[in-house]
Amino acid sequence: MTASAAKPVLRVQDLAVTFTSVSGGVFSRKERQLRAVDGISFDLRPGETLGVVGESGSGKSTLARAILGLIPANRGRVQWMGEDLTGLDEEQLRQKRKQLQIVFQDPVASLNPRMTAGDIIAEPLWTFYPNMERLQVEERTRGMMKMVGLLPNQINRYPHEFSGGQCQRIGIARALVLNPRLLICDEPVSALDVSIQAQIINLMKSLQRKLGLALIFIAHDLSVVRYISDRVMVMYMGQAMEVSCKTSLYRRPLHPYSNALMKSVAVPDPRLARRLRQESWLTGDMPSPYQRPKGCIFHNRCPFKIKRCEADVPALRRMESGDWVACHRAEDLDLSI
Amino acid sequence: MSEKTALSVDDPFAAALAMEDVPGRSLWADAWHRLLKNRAAVHSGAIMGVVVLSVVFGPMLLPWEADFTDWDHTSTPPSLATGHWFGTDAVGRDILVRTLAGGRISLLVGLVATLVSLAIGVTYGAVAGYYGGMTDRIMMRGVDIIYALPFMFFVILLMVVFGRHIVLIFVAIGAVNWLDMARIVRGQTLSLKNMEFVEAARACGVDHHAIIRRHIIPNLLGVVMVYVTLTIPQVILVESFLSFLGLGVQEPMSSWGALVNDGAQDMESAPWTLVFPAVFLTVTLYCFNYIGDGMRDALDPKDRL
Amino acid sequence: MALLDVTGLEVRFDTPEGVVKAVNGMDLSVAAGETLAIVGESGSGKSQLVMALLGLLAENGSASGSALFRGQDLMQMTPRELNGIRGKHIAMIFQDPMTSLNPYLTIEKQMVEVAMHHQGLARDEARAHAVEMLRAVRIPDPEERIRQYPHEYSGGMRQRVMIAIGLLCEPDLLIADEPTTALDVTVQAQITELVGELRQQRQMAIILITHDMAAVAEISDRIIVMYAGEAVETGSVEDIFYRPHHPYTRGLLASVPRLDRVSDEELQAIPGNPPNLQDLPSGCRFRDRCSQAMEECLQRPPLWTTGGGRTSRCFLPMEGGYIAAAEGPNEPGEPVETAEVRDASAAGPGDKRREGAA
């Protein structure tokens, strides 16, 4: 389902989150700054899915939490339906939670082991509609369970009695029970077996269609995100390297890092895998976040770098195709897969 | 050759939508079953059951009261003939009935003082741990300061000002024990607060009070319960110690500690006045410790986050 | 002769709810220098299988069967004898390198200890050997880095260190349990490449255990697909990926999101949940999730084979194959003529005919 040309429901502008760690004793305090999210901007339209891909240390989970106000941002703005979330106080923000929801990575850890599945799903209802009748609450809870593919007769069971995939469904039901307009999924399938991943991805896709949600789907794997996204943002060390629409990204990525990610995905095809192996070029590890490279943050691992990359930070800029990329050489590189 | 028919892979929903709700098995139920398998804990539980029944009903069934003085039988050793199965003390009071009545007091002190420390300690610790920051720092400094005060001094002060009323004993002991409980609860809260399901609750807009009530405290209860079962014997010992110092319950009420104190004085001439209360006291302490240990094993970390 | 030859391996656990059979009569063999991948979901028994071989089962677990390693039966060995084999002849790498490494000891201490113990080397020889191994797994500046602590390494590098420790004693067999699962995609690719290189350079046999078939496509020689404690399909890597037979294998392959295919099709997910080992369906264990289940599947399916280690436990006929062993109404050893059998992948439900059936 393509996004309409309507006004964006979510607008993130230059969002930044910095963690400060203090070390040393009383006499020699050393402060170190970790720029987990370093200036991210994007728009999201109603019914659109933005896939966010990055490896550990890319800041994607921190980004999710910062958008929702679960952790404070140091810089930047988040506008939801025209209203500035970053300026709200705690109570006002809390009220907004009805519309902005999140599904977490670890399905089991995100559920209170002492509450039944029904209670977990109903809790948001208790919170925002304390006067709702018990029967009504139960009915809505069972309805949600059906919608996410759980048998309603499991309503009194505890999280440890469900499988990982089922726990994730409970988490999704809880996130959707208040009819939010935005759902952020923070690596919802990473902790699940490959065969269950497909079920959950299909479920998310159909729920999004049915409910008209704006969706941000975070993953560390480009292939997972492909099935569900309209546009994809590739993050590296807190910055956006590329934000492209799906069709162009997977055919011809604009940023070398996107190209490297694509080459690294494991394919269930031995001959193709061997071919991709010969073409892959990314070596080394992500640098320590405390020793960020100057200039383009990817330059020390990039085979296409030029002198300019070591000094100038490339801004995220719009290309003719409407896609955005942060690379000095975007015009002359052909990174087609 | 016959046509093979496809096995109908039933749409699980069609069949199951009509099914009854499946009961869940909570982690508490699991823990309870594990506890029941622990022989030491179960036996201790049974023994404690017997002790409790005898201290509650025993004195009613015996022919004499705790303060009845039998002038014909002073300092007599235990014998079935005299009817004094545990013997008598220097003024002719039956040791058996005194032991049981004393048990009432000791167990009552143990229970009530622990409940007081539980109520104060859990709330205090959970609030300090959850809100963190300055609130936590101030609250815990308060605990540190009170901790530093000498307990005895505090109790003596209370006794002097308010007299040796039994309720005061509950208060005094509870008022000191809650400190440990608060620290433990605060520590647990600190780690619980960072659990993903607490973050999930915040993301759902649940307010702070509800989070503490629904998410933090139920997940603390395991640790708290273990600590409570180990606190009760501690409290009983403290009361015994107070009695030793002459600060415990006042005559004619007695406690195991007071009885042990009295018995210790006649230890050489009338050892039974010491032995019986001491045995009851010791057995109770052992049993609570075994039960506490059993609970700790039953509430396995694998379960508890 | 195979390096490792396992027959009839069964692993049972004593739980409060009764005896659970995690592994139900598995056979497998690994030749020297060969890489075998064991693929299965959680609960398939793949990890327990290997734990049983090395005597690492939990207290309430027990195993039976035979496992001949270099002519000796691992299942009959005492813990002490197994201790001598583990680390030295068979090395094992676990999933999470952070918890496998002691955070309080430097890498040097951990590696040198292993080398001295198992190979009887003197300390400086052991150290030199350890540095060599770190170099072999592409750790930059191994002389310097060996003195660091685990937390000073990144996740991918820690996994490399684990592999290096595994290689220290030049084992005949390296077993890796989900070696790339906890890692980022680019790091996974690097580790996979590393394992591929080691495979070529050394005469070491490798067993890879994973739930992600794609991760092992490049580096395996043979694959065993497990479900609910049994091998449902085995074969060479080409057979399994290009000519899969069992519906579960086909389901797994179809459910992996692919970069090389058109993306608007839906992912073909396998319906249902992983099996509950205490409540398995009768007959074929996969039948309540199988899109091609038939009435016969209520019986235990026969084992089809084309010889040469290619097997599939299913009622669907295998092209060019014959039934090697059956626990159902079928007779073993009846070759099926290719002309009479349609390719299983083309057949739909209710469409099966089998020669020899009444």
# chains A, B, ... in the order shown; residues from 1 in each chain; ligands from 1

call {"tool": "residues_around", "arguments": {"residues": "B:Phe244", "least_positions_apart": "3", "cutoff": "7 Å", "atoms": "only C-alpha atoms", "output": "compact mmCIF listing (two decimals) with C-alpha atoms, in the first residue's frame"}}
result
# COMPACT_ATOMS: atom_id res chain seq x y z
CA SER B 240 14.40 -13.06 73.90
CA PHE B 241 17.42 -10.89 74.20
CA GLY B 257 13.04 -15.55 76.10
CA ALA B 258 11.87 -14.57 79.56
CA ASN B 261 16.19 -16.15 81.33

call {"tool": "closest_atom_pairs", "arguments": {"of": "chain A", "to": "chain B", "cutoff": "7 Å", "atoms": "only C-alpha atoms", "output": "CSV"}}
result
residue,atom,partner,partner_atom,distance
A:Leu70,CA,B:Ala203,CA,6.9
A:Arg94,CA,B:Gly205,CA,5.1
A:Gln95,CA,B:Gly205,CA,6.9
A:Arg97,CA,B:Gly205,CA,5.5
A:Gln101,CA,B:Ala203,CA,6.8
A:Ala109,CA,B:Glu196,CA,5.6
A:Ser110,CA,B:Phe197,CA,3.9
A:Leu111,CA,B:Phe197,CA,5.0
A:Asn112,CA,B:Phe197,CA,5.5
A:Arg114,CA,B:Leu27,CA,6.8
A:Pro124,CA,B:Cys204,CA,5.9
A:Thr127,CA,B:Val206,CA,5.8
A:Leu151,CA,B:Phe13,CA,6.9
A:Asn153,CA,B:Asp21,CA,4.0
A:Gln154,CA,B:Val22,CA,5.6
A:Ile155,CA,B:Asp21,CA,6.9
A:Asn156,CA,B:Gly24,CA,5.1
A:Arg157,CA,B:Gly24,CA,3.8
A:Tyr158,CA,B:Gly24,CA,5.9

call {"tool": "closest_residue", "arguments": {"among": "C:Arg145, C:Thr15, C:Ala52, C:Val216", "to": "chain B", "atoms": "only C-alpha atoms"}}
result
C:Thr15

call {"tool": "interface_residues", "arguments": {"of": "chain A", "to": "chain C", "cutoff": "7 Å", "atoms": "only C-alpha atoms", "output": "ChimeraX atom specification"}}
result
/A:55-56,193-195,198-199,202,220-221,223-224,226-227,261,264-270,273-274

call {"tool": "residues_around", "arguments": {"residues": "B:Ala128", "least_positions_apart": "5", "cutoff": "9 Å", "atoms": "only C-alpha atoms", "output": "list in words"}}
result
Thr123, Gly133, Thr135, Asp136, Arg137, Ile138, Met139, Met140, Ala182, Arg186, Thr189 and Leu190 of chain B

call {"tool": "write_last_selection", "arguments": {"atoms": "N, CA and C atoms", "output": "PDB file, in the first residue's frame"}}
result
ATOM      1  N   THR B 123       7.097  -0.469  51.364  1.00  0.00           N
ATOM      2  CA  THR B 123       6.669   0.803  50.762  1.00  0.00           C
ATOM      3  C   THR B 123       7.834   1.755  50.631  1.00  0.00           C
ATOM      4  N   GLY B 133      17.077   9.100  42.147  1.00  0.00           N
ATOM      5  CA  GLY B 133      17.517  10.492  42.219  1.00  0.00           C
ATOM      6  C   GLY B 133      17.594  11.005  43.639  1.00  0.00           C
ATOM      7  N   THR B 135      15.228  11.842  45.719  1.00  0.00           N
ATOM      8  CA  THR B 135      14.298  11.175  46.635  1.00  0.00           C
ATOM      9  C   THR B 135      14.976   9.955  47.249  1.00  0.00           C
ATOM     10  N   ASP B 136      15.550   9.164  46.392  1.00  0.00           N
ATOM     11  CA  ASP B 136      16.219   7.949  46.838  1.00  0.00           C
ATOM     12  C   ASP B 136      17.357   8.292  47.786  1.00  0.00           C
ATOM     13  N   ARG B 137      18.150   9.272  47.417  1.00  0.00           N
ATOM     14  CA  ARG B 137      19.315   9.601  48.234  1.00  0.00           C
ATOM     15  C   ARG B 137      18.892  10.044  49.628  1.00  0.00           C
ATOM     16  N   ILE B 138      17.897  10.916  49.670  1.00  0.00           N
ATOM     17  CA  ILE B 138      17.455  11.393  50.990  1.00  0.00           C
ATOM     18  C   ILE B 138      16.873  10.253  51.804  1.00  0.00           C
ATOM     19  N   MET B 139      16.028   9.479  51.160  1.00  0.00           N
ATOM     20  CA  MET B 139      15.379   8.403  51.903  1.00  0.00           C
ATOM     21  C   MET B 139      16.396   7.396  52.435  1.00  0.00           C
ATOM     22  N   MET B 140      17.358   7.074  51.628  1.00  0.00           N
ATOM     23  CA  MET B 140      18.319   6.070  52.093  1.00  0.00           C
ATOM     24  C   MET B 140      19.301   6.639  53.107  1.00  0.00           C
ATOM     25  N   ALA B 182      13.756  -2.432  53.916  1.00  0.00           N
ATOM     26  CA  ALA B 182      13.759  -1.311  52.980  1.00  0.00           C
ATOM     27  C   ALA B 182      14.952  -1.395  52.049  1.00  0.00           C
ATOM     28  N   ARG B 186      14.619  -1.907  48.111  1.00  0.00           N
ATOM     29  CA  ARG B 186      15.153  -0.863  47.243  1.00  0.00           C
ATOM     30  C   ARG B 186      16.080  -1.464  46.191  1.00  0.00           C
ATOM     31  N   THR B 189      14.068  -3.251  43.642  1.00  0.00           N
ATOM     32  CA  THR B 189      13.338  -2.290  42.820  1.00  0.00           C
ATOM     33  C   THR B 189      14.247  -1.676  41.773  1.00  0.00           C
ATOM     34  N   LEU B 190      15.466  -1.364  42.176  1.00  0.00           N
ATOM     35  CA  LEU B 190      16.405  -0.772  41.231  1.00  0.00           C
ATOM     36  C   LEU B 190      16.612  -1.671  40.033  1.00  0.00           C
TER      37      LEU B 190
END

call {"tool": "residues_around", "arguments": {"residues": "stretch 57-61 of chain B", "least_positions_apart": "2", "cutoff": "7 Å", "atoms": "only C-alpha atoms", "output": "list in words"}}
result
Leu53, Ser54, Val55, Pro63, Val97, Leu100 and Ala101 of chain B
